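Taking it in order: structure first as structure tokens, then the write-up.
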There are 4 protein chains.
Amino acid sequence: MKALIYQGPGKKALEDRPLPKIIAATDAIVKIAKTTICGTDLHILKGDVPTCKPGRILGHEGVGVVDSIGAGVTTFRPGDRVLISCISACGRCEHCRSGMYSHCTTGGWILGNEIDGTQAEYVRIPHADTSLYRAPKGVEEDALVMLSDILPTGFECGVLNGKVRPGDSVAIVGAGPIGLAALLTAQFYSPADIIMIDLDANRLDTAKRFGATATVNSKDGRAAEKVMQMTGGRGVNAAIEAVGIPATFALCEDIVAPGGTIANIGVHGVKVDLHLERLWSHNITITTRLVDTVTTPMLLKTVQSGKIDPQRLITHRFKLEQILDAYDTFGRAASTRALKVLIEAA
Amino acid sequence: MKALIYQGPGKKALEDRPLPKIIAATDAIVKIAKTTICGTDLHILKGDVPTCKPGRILGHEGVGVVDSIGAGVTTFRPGDRVLISCISACGRCEHCRSGMYSHCTTGGWILGNEIDGTQAEYVRIPHADTSLYRAPKGVEEDALVMLSDILPTGFECGVLNGKVRPGDSVAIVGAGPIGLAALLTAQFYSPADIIMIDLDANRLDTAKRFGATATVNSKDGRAAEKVMQMTGGRGVNAAIEAVGIPATFALCEDIVAPGGTIANIGVHGVKVDLHLERLWSHNITITTRLVDTVTTPMLLKTVQSGKIDPQRLITHRFKLEQILDAYDTFGRAASTRALKVLIEAA
Amino acid sequence: MKALIYQGPGKKALEDRPLPKIIAATDAIVKIAKTTICGTDLHILKGDVPTCKPGRILGHEGVGVVDSIGAGVTTFRPGDRVLISCISACGRCEHCRSGMYSHCTTGGWILGNEIDGTQAEYVRIPHADTSLYRAPKGVEEDALVMLSDILPTGFECGVLNGKVRPGDSVAIVGAGPIGLAALLTAQFYSPADIIMIDLDANRLDTAKRFGATATVNSKDGRAAEKVMQMTGGRGVNAAIEAVGIPATFALCEDIVAPGGTIANIGVHGVKVDLHLERLWSHNITITTRLVDTVTTPMLLKTVQSGKIDPQRLITHRFKLEQILDAYDTFGRAASTRALKVLIEAA
Amino acid sequence: MKALIYQGPGKKALEDRPLPKIIAATDAIVKIAKTTICGTDLHILKGDVPTCKPGRILGHEGVGVVDSIGAGVTTFRPGDRVLISCISACGRCEHCRSGMYSHCTTGGWILGNEIDGTQAEYVRIPHADTSLYRAPKGVEEDALVMLSDILPTGFECGVLNGKVRPGDSVAIVGAGPIGLAALLTAQFYSPADIIMIDLDANRLDTAKRFGATATVNSKDGRAAEKVMQMTGGRGVNAAIEAVGIPATFALCEDIVAPGGTIANIGVHGVKVDLHLERLWSHNITITTRLVDTVTTPMLLKTVQSGKIDPQRLITHRFKLEQILDAYDTFGRAASTRALKVLIEAA
């Protein structure tokens with residue numbers, strides 16, 4: 001089968017690979033229909049993710065059809081149309097039982113990282129019963145692909161951790177795909193204001209169309225000041241960090257209101273300054289989270305009932321044979337204006 | 001009346017002052033029976049608290065008897081025995097209504113800071129209806145003094161924010177009065193382990209007597225390692241920071257388990273490093289809080305019913321005339337082994 | 001001044017009355033701009049509310065302008081445009097401090113019940129600081145009148161108590177004004193389905209326009225069966241009772257899913273059957289609540305930001321002189337299709 | 001092997017039965033070390049549980065050693081010492097994922113009910129990975145047996161659902177084993193008062209020894225009056241129903257404070273009266289629950305750390321051969337003063 005292989009820092013190729021096989025009784029093999037590329041895949045390609053070794057098939061998102069199952073799989077049958085979660089969860093360990101699938105002792109984010117992933121014609125899914133979701137009737141595959149990772153990530157790490165409530169003021173720092181996923185799902189809770197902050201005017205335009213009530217271009221270094229003005233000097237109830245660098249985290253520290261929350265989504269490469277000399281008395285909460293995908297059933301219902309249209313995140317479409325072009329388009333998002341690129345494998 | 005006056009950095013004196021008077025209709029004048037000294041008073045004396053100007057009567061803790069009330073006070077009458085909260089709360093502003101009294105727009109921590117305090121024979125209490133608490137029958141004054149600040153601070157900022165639950169592993173970094181207050185109140189929730197960490201062997205001994213299940217002397221720089229060993233490599237569900245310096249916050253970052261909480265109580269003078277390059281995916285929560293004293297009614301019930309004995313925190317007793325000695329004893333806690341020093345004003 | 005007087009069961013009249021005066025330091029006198037009639041006013045007129053004595057000025061909803069204030073009022077000044085809460089709250093007692101204003105020891109629902117109310121040119125508001133809300137700029141008075149009672153009641157007793165979440169299935173039994181208020185505010189949380197149940201086809205049509213995803217006419221006694229069918233046999237996550245009779249409560253018991261909630265809003269005159277022989281093992285929650293109006297600040301923000309348009313509840317308009325006509329129209333809602341009738345006093 | 005067989009209403013016998021065998025890949029066979037009898041077993045014997053057919057081996061509690069496992073079991077190995085949960089949970093279905101194991105679509109309470117149970121030498125446990133718990137070192141088997149059902153039932157259905165907090169007033173109606181389990185676990189949260197109510201003076205004495213702060217003998221029909229007196233007319237924050245008849249539920253309705261909770265544990269055979277004509281405005285919560293055993297890991301930690309000593313519930317001990325005597329003793333609890341009877345199978 002065709003598969004996109006990580007060949008070490010800076011190198012990738014579309015190669016022929018043998019079909020994956022059932023290894024454990026709890027495995028399923030899924031024939032991929034559609035997949036996509038995540039910002040994390042670009043991190044891997046930069047060499048930033050040491051757990052991912054050369055030779056690995058990348059990708060942790062996708063929808064497909066169950067091809068075969070191990071002896072211990074009871075929830076799915078061959079032929080079932082399924083959504084693949086980016087997080088593999090055994091459903092048995094202490095962490096899974098407390099809803100923290102991201103820290104599953106034999107799972108977590110392993111797809112396209114520690115084991116072969118979804119940017120291929122077939123993929124082996126461990127812990128299939130608790131890592132796949134039946135695709136609801138009437139929901140398009142394109143929408144489903146957005147539920148593998150980006151939508152639950154924006155929702156769980158940003159919106160739920162940010163405790164967004166009706167009438168709240170919310171700021172989202174970073175209008176890339178993940179920030180936009182937070183923007184879309186924040187609207188589930190009817191905040192009064194969602195202020196979107198980014199350096200890129202195009203992305204801010206997109207944010208406006210996606211429901212931002214205000215945008216701030218942070219190019220001039222005055223974003224904090226502007227947000228404080230917009231909120232009558234109060235700051236925001238939830239500051240969602242969706243970039244992953246010290247400057248954007250610092251911005252969140254500057255704009256969070258007393259009693260508010262900084263919900264970090266960004267993947268950080270270096271430490272940040274936490275200004276406790278100022279914030280120790282501000283009654284704030286800071287959260288970090290690797291997505292658990294525990295809200296996938298909830299998100300499926302919101303998509304099915306039309307409360308959210310995640311396909312809006314898809315800007316480009318490719319065939320699996322064109323996946324190198326897809327990477328190129330996604331990698332040059334500033335100029336291509338790519339958000340999510342959809343890749344059809346079948 | 002006699003009162004302890006802050007005279008600028010490094011200087012204090014016991015002086016004669018005129019009796020305080022009702023200024024606003026919501027004020028009460030309270031005749032102090034007993035008061036105490038807080039670590040924050042020492043901060044003021046170092047010149048670290050710019051809102052507190054020379055000439056100020058210090059102190060924000062105490063019990064006493066209502067002497068007179070303004071026209072708008074409906075809850076108390078002269079003669080009522082009352083607990084004074086360290087936080088003045090109007091009960092009307094947005095923050096008070098959401099239970100965040102610490103950020104009351106016309107109150108907060110102002111006693112012995114922006115207005116004259118309790119280390120005197122009389123004190124004026126603004127917003128008396130919502131800043132005083134009726135002393136329950138049968139509860140000793142000594143116990144009540146511990147409820148002005150230290151007990152709610154340890155409880156709200158440490159234990160409640162740390163979400164301590166039955167069976168949890170808890171670490172408290174810092175076995176000073178505030179860490180010990182967290183230790184006492186953490187036991188309300190029956191955690192399995194409470195590991196107390198400090199540099200001072202005496203304080204760790206005290207912690208053992210107060211209910212710590214284990215102690216770690218951090219002198220050798222191996223505290224994190226030891227805590228990880230004690231918790232089977234998992235770390236603690238709640239790491240309570242009760243010191244206020246970068247090293248102790250860093251220790252909390254090292255020992256908090258995935259899904260756990262760092263509850264900061266310490267008053268920090270400088271920023272700390274937040275290692276998001278490691279913690280971004282650990283599903284942790286960090287909280288900061290200036291005590292709100294919203295749990296005072298709850299704490300009064302726990303004292304009244306004998307669930308906690310806060311008098312254990314009192315190590316020394318003085319008369320108001322001896323308050324300079326009291327400061328000396330409290331200021332040299334390492335050698336005097338002082339925790340809380342009780343001062344009788346009447 | 002003109003005022004609508006309850007004259008005992010079945011009797012009411014528009015009479016001339018002296019202007020109200022400040023009694024306590026915490027009172028304010030408000031000149032009514034607009035008021036409305038509540039279903040509870042009809043209950044009083046039937047003689048069902050023994051706390052309300054003949055001679056009482058009715059009404060507990062309204063907006064107006066502060067005319068004068070007592071010495072203890074600090075939040076408002078004469079001339080301030082204010083929303084009147086149906087619940088008077090001292091902000092000081094144990095219940096107020098825990099956010100349960102409905103049970104304020106010197107307040108609660110007393111307006112137009114135990115003390116004179118708002119269906120008049122002027123009204124005295126006790127505990128003014130914590131029972132009035134500043135009218136935000138740009139929000140129309142008509143919308144504000146809906147925030148005195150009906151919107152917080154639907155929201156707090158129905159939606160918040162019902163724990164409505166994104167993707168949930170919700171049923172609201174009763175499409176009268178209060179059920180419709182629950183319908184409008186349930187949408188803050190993006191449930192997948194809101195099934196509206198009533199006997200009146202007109203009200204169900206209105207419900208559809210207000211956002212119900214499905215309606216069930218319960219005339220044929222098969223409502224439970226139909227709801228179970230609509231939910232794939234599961235039942236609803238939240239069943240909101242907005243009528244107040246045994247039959248509608250029984251319907252809620254029949255349709256609540258395991259793990260779900262029955263949130264009672266209805267004012268009941270007789271006991272109901274609770275089928276614990278069936279429900280003891282269903283992991284359900286049943287809640288009751290007299291509105292606390294603690295969410296008024298939140299609701300004001302949702303109105304101000306356009307997340308909800310409560311004026312849609314207003315079907316008829318009258319002058320204060322025509323208030324008997326207003327009562328007539330509101331009292332014959334089945335034929336007049338009245339929801340809320342707005343009464344202009346100035 | 002020897003097994004206790006339900007032979008239809010009023011009939012039971014100790015019989016020889018073939019050893020159970022693995023049926024599904026997720027099964028384990030456990031050799032029983034110790035088991036016990038539950039009040040529900042008596043219900044079955046009365047013919048009150050139609051899902052339990054004659055011929056069934058009774059029992060849903062126990063500890064033992066894993067004898068063999070199916071191909072899909074990954075968490076346990078033969079030889080592992082395990083606690084058997086009374087609830088079988090697949091860990092995969094919608095209900096299991098939301099922590100409501102009691103409603104597992106292929107599990108729930110099936111042991112000793114729909115499938116053969118634990119009052120035997122061996123038992124087949126379906127969904128073994130998520131229905132067994134590793135016995136922690138140093139915890140005695142006797143204590144563990146109390147964690148199969150009675151302790152999590154008292155804790156989850158009574159204490160957690162009752163939202164018991166430090167300083168609260170709690171009443172537990174019924175001082176049988178389940179009420180006493182609620183009493184023991186309520187103390188995890190340091191309530192100020194736990195009032196135990198029963199008709200049996202012996203059981204009330206036991207309750208005193210187990211930590212009740214007050215007891216009320218309800219024989220004279222004045223229990224409600226007495227509880228109101230004890231709570232200064234306020235009522236209790238949590239009223240825990242641990243009997244299951246209309247009179248005891250009615251008592252809970254009479255003593256619950258505004259804002260409080262009635263947490264039902266009792267298994268009810270008939271409907272009860274819910275006095276909404278009085279309670280609609282009292283802001284109360286009523287909960288029902290079949291135990292989910294989601295807190296088993298937490299409870300194991302509290303036992304292991306000595307926060308609770310569940311062996312205190314054991315009053316009598318028998319060998320499996322004497323199980324008919326054990327039933328007799330347990331069935332005549334009023335005269336034998338039996339709480340839990342321990343049965344050694346090996």
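Please note that chains go A, B, ... in the order of the structure tokens, that every chain numbers its residues from 1, and that ligands are numbered from 1 in the order shown.
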Select all residues from chain B having any atom no more than 8 Å from an atom of chain C (counting only C-alpha atoms, ignoring ligands), output as a compact mmCIF listing (two decimals) with N, CA, C and O atoms, in the first residue's frame.
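Okay, part-v4.txt is ready:
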```txt
# COMPACT_ATOMS: atom_id res chain seq x y z
N ALA B 25 -21.66 54.60 56.69
CA ALA B 25 -22.81 54.00 57.37
C ALA B 25 -22.65 52.50 57.56
O ALA B 25 -23.29 51.89 58.41
N THR B 26 -21.81 51.89 56.75
CA THR B 26 -21.63 50.44 56.81
C THR B 26 -20.46 50.02 57.71
O THR B 26 -20.13 48.85 57.80
N ALA B 71 -25.08 53.53 60.61
CA ALA B 71 -26.53 53.48 60.41
C ALA B 71 -26.95 52.35 59.46
O ALA B 71 -28.07 51.85 59.53
N GLY B 72 -26.04 51.92 58.60
CA GLY B 72 -26.41 50.92 57.60
C GLY B 72 -26.12 49.49 58.03
O GLY B 72 -26.36 48.55 57.27
N THR B 75 -26.61 43.57 60.69
CA THR B 75 -26.36 42.21 61.16
C THR B 75 -25.82 42.16 62.58
O THR B 75 -26.02 41.19 63.30
N GLY B 91 -19.96 42.86 49.51
CA GLY B 91 -21.10 41.97 49.27
C GLY B 91 -21.99 42.43 48.13
O GLY B 91 -23.03 41.83 47.87
N ARG B 92 -21.60 43.46 47.42
CA ARG B 92 -22.48 44.05 46.40
C ARG B 92 -21.88 44.08 45.01
O ARG B 92 -22.60 44.06 44.02
N ARG B 97 -20.21 39.27 44.52
CA ARG B 97 -21.35 38.42 44.19
C ARG B 97 -20.93 37.08 43.60
O ARG B 97 -21.68 36.11 43.64
N GLY B 99 -18.37 35.55 44.74
CA GLY B 99 -17.62 34.86 45.79
C GLY B 99 -16.15 35.19 45.81
O GLY B 99 -15.37 34.56 46.52
N ASP B 129 -21.17 44.34 57.85
CA ASP B 129 -22.14 43.24 57.72
C ASP B 129 -21.55 42.02 57.01
O ASP B 129 -21.93 40.89 57.30
N THR B 130 -20.67 42.28 56.07
CA THR B 130 -20.13 41.18 55.27
C THR B 130 -18.64 40.96 55.50
O THR B 130 -18.00 40.23 54.74
```
**Prompt:** Would you give me, as a ChimeraX atom specification, the residues in region 91-235 of chain C that DSSP reads as alpha helix (DSSP H)?
**Reply:** /C:94-97,128-131,141-145,150-152,177-186,201-209,223-230
**Prompt:** Given the choices D:Ile150, D:Leu251, D:Ala223, D:Leu320, which gets closest to Glu344 (chain D) if the distance is worked out from only C-alpha atoms?
**Reply:**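 The shortest atom-to-atom distance to Glu344 (chain D) comes from D:Leu320.
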**Message:** Neighbouring residues of Gly59 (chain A) were defined as those with any atom within 10 Å, considering only C-alpha atoms; residues of the same chain fewer than 4 positions away were excluded. Please report them as a list in words.
**Reply:** Ala3, Leu4, Ile5, Thr35, Thr36, Ile37, Cys38, Thr40, Asp41, Cys86, Leu111, Gly112, Asn113, Asp116, Gly117, Thr118, Gln119, Ala120 and Val123 of chain A
Can you write just those residues out, all heavy atoms, as a short mmCIF file (atom, residue, chain, number, x, y, z; two decimals), in the first residue's frame?
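Everything below was put into selection05.cif:
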```
data_model
loop_
_atom_site.label_atom_id
_atom_site.label_comp_id
_atom_site.auth_asym_id
_atom_site.auth_seq_id
_atom_site.Cartn_x
_atom_site.Cartn_y
_atom_site.Cartn_z
N ALA A 3 2.06 4.84 1.45
CA ALA A 3 2.10 5.42 2.78
C ALA A 3 3.13 6.54 2.82
O ALA A 3 4.16 6.47 2.14
CB ALA A 3 2.46 4.36 3.83
N LEU A 4 2.85 7.56 3.61
CA LEU A 4 3.77 8.69 3.74
C LEU A 4 4.72 8.39 4.89
O LEU A 4 4.31 8.24 6.04
CB LEU A 4 2.96 9.96 4.01
CG LEU A 4 3.63 11.34 3.96
CD1 LEU A 4 4.41 11.64 5.22
CD2 LEU A 4 4.56 11.50 2.74
N ILE A 5 6.02 8.32 4.55
CA ILE A 5 7.02 7.88 5.52
C ILE A 5 7.90 9.04 5.98
O ILE A 5 8.39 9.82 5.18
CB ILE A 5 7.95 6.81 4.88
CG1 ILE A 5 7.14 5.72 4.17
CG2 ILE A 5 8.89 6.22 5.92
CD1 ILE A 5 6.28 4.90 5.08
N THR A 35 -7.89 11.29 5.23
CA THR A 35 -7.03 11.68 6.35
C THR A 35 -6.65 13.14 6.17
O THR A 35 -7.16 13.81 5.26
CB THR A 35 -5.79 10.76 6.44
OG1 THR A 35 -5.02 11.13 7.59
CG2 THR A 35 -4.92 10.86 5.20
N THR A 36 -5.79 13.65 7.04
CA THR A 36 -5.36 15.03 6.92
C THR A 36 -3.99 15.18 7.56
O THR A 36 -3.42 14.19 8.04
CB THR A 36 -6.39 15.98 7.58
OG1 THR A 36 -5.97 17.33 7.41
CG2 THR A 36 -6.53 15.70 9.07
N ILE A 37 -3.45 16.39 7.51
CA ILE A 37 -2.13 16.66 8.08
C ILE A 37 -2.31 17.60 9.26
O ILE A 37 -3.11 18.53 9.21
CB ILE A 37 -1.19 17.31 7.03
CG1 ILE A 37 -1.10 16.42 5.79
CG2 ILE A 37 0.20 17.55 7.62
CD1 ILE A 37 -0.35 17.06 4.61
N CYS A 38 -1.55 17.33 10.31
CA CYS A 38 -1.65 18.13 11.53
C CYS A 38 -0.37 18.95 11.70
O CYS A 38 0.70 18.56 11.21
CB CYS A 38 -1.80 17.17 12.72
SG CYS A 38 -1.90 18.01 14.32
N THR A 40 1.36 18.98 14.14
CA THR A 40 2.32 18.10 14.81
C THR A 40 3.15 17.31 13.81
O THR A 40 4.31 16.99 14.07
CB THR A 40 1.57 17.12 15.73
OG1 THR A 40 0.54 17.82 16.40
CG2 THR A 40 2.50 16.51 16.75
N ASP A 41 2.55 16.98 12.66
CA ASP A 41 3.32 16.27 11.64
C ASP A 41 4.48 17.14 11.17
O ASP A 41 5.58 16.63 10.91
CB ASP A 41 2.40 15.90 10.46
CG ASP A 41 1.30 14.93 10.86
OD1 ASP A 41 1.57 14.04 11.69
OD2 ASP A 41 0.17 15.06 10.36
N CYS A 86 -7.29 10.40 17.43
CA CYS A 86 -5.83 10.58 17.45
C CYS A 86 -5.22 9.96 18.70
O CYS A 86 -4.02 9.75 18.77
CB CYS A 86 -5.46 12.06 17.34
SG CYS A 86 -5.98 13.06 18.74
N LEU A 111 -0.27 6.93 17.51
CA LEU A 111 -0.50 6.81 16.06
C LEU A 111 0.37 7.82 15.29
O LEU A 111 0.34 9.02 15.58
CB LEU A 111 -1.96 7.12 15.72
CG LEU A 111 -2.99 6.01 15.68
CD1 LEU A 111 -4.30 6.57 15.13
CD2 LEU A 111 -2.52 4.84 14.82
N GLY A 112 1.07 7.35 14.30
CA GLY A 112 1.90 8.24 13.51
C GLY A 112 3.00 8.86 14.33
O GLY A 112 3.52 9.93 14.01
N ASN A 113 3.36 8.19 15.40
CA ASN A 113 4.37 8.70 16.32
C ASN A 113 5.20 7.51 16.79
O ASN A 113 6.31 7.30 16.31
CB ASN A 113 3.66 9.42 17.48
CG ASN A 113 4.59 9.86 18.58
OD1 ASN A 113 5.81 9.79 18.45
ND2 ASN A 113 4.02 10.30 19.69
N ASP A 116 2.83 3.07 13.41
CA ASP A 116 2.46 3.62 12.10
C ASP A 116 1.08 4.25 12.13
O ASP A 116 0.17 3.79 12.84
CB ASP A 116 2.53 2.52 11.04
CG ASP A 116 3.97 2.21 10.63
OD1 ASP A 116 4.84 3.09 10.82
OD2 ASP A 116 4.23 1.09 10.14
N GLY A 117 0.93 5.31 11.30
CA GLY A 117 -0.26 6.13 11.36
C GLY A 117 -1.17 6.03 10.15
O GLY A 117 -1.17 5.03 9.42
N THR A 118 -1.92 7.09 9.93
CA THR A 118 -3.09 7.07 9.05
C THR A 118 -2.86 7.65 7.65
O THR A 118 -3.78 7.62 6.83
CB THR A 118 -4.23 7.88 9.69
OG1 THR A 118 -3.76 9.21 9.89
CG2 THR A 118 -4.68 7.27 11.00
N GLN A 119 -1.69 8.17 7.39
CA GLN A 119 -1.43 8.72 6.04
C GLN A 119 -0.98 7.58 5.15
O GLN A 119 0.14 7.51 4.67
CB GLN A 119 -0.42 9.87 6.11
CG GLN A 119 -1.01 11.08 6.86
CD GLN A 119 -0.01 12.15 7.20
OE1 GLN A 119 1.16 12.06 6.83
NE2 GLN A 119 -0.45 13.18 7.91
N ALA A 120 -1.93 6.67 4.92
CA ALA A 120 -1.65 5.42 4.21
C ALA A 120 -2.99 4.84 3.79
O ALA A 120 -4.05 5.38 4.12
CB ALA A 120 -0.93 4.45 5.14
N VAL A 123 -4.45 1.21 8.18
CA VAL A 123 -3.76 1.48 9.45
C VAL A 123 -4.22 0.46 10.50
O VAL A 123 -5.37 0.02 10.48
CB VAL A 123 -4.04 2.93 9.93
CG1 VAL A 123 -5.52 3.12 10.28
CG2 VAL A 123 -3.17 3.29 11.15
#
```
**Prompt:** Rounded to one decimal in Å, what is the spacing between CA of Leu276 (chain A) and CA of Val267 (chain B)?
**Reply:** 8.1 Å
**Message:** Give me, as a ChimeraX atom specification, all polymer residues having an atom no more than 9 Å from Ala135 (chain A), counting only C-alpha atoms and skipping those fewer than 5 positions away in the same chain.
**Reply:** /A:63,80-83,140-141,144,300
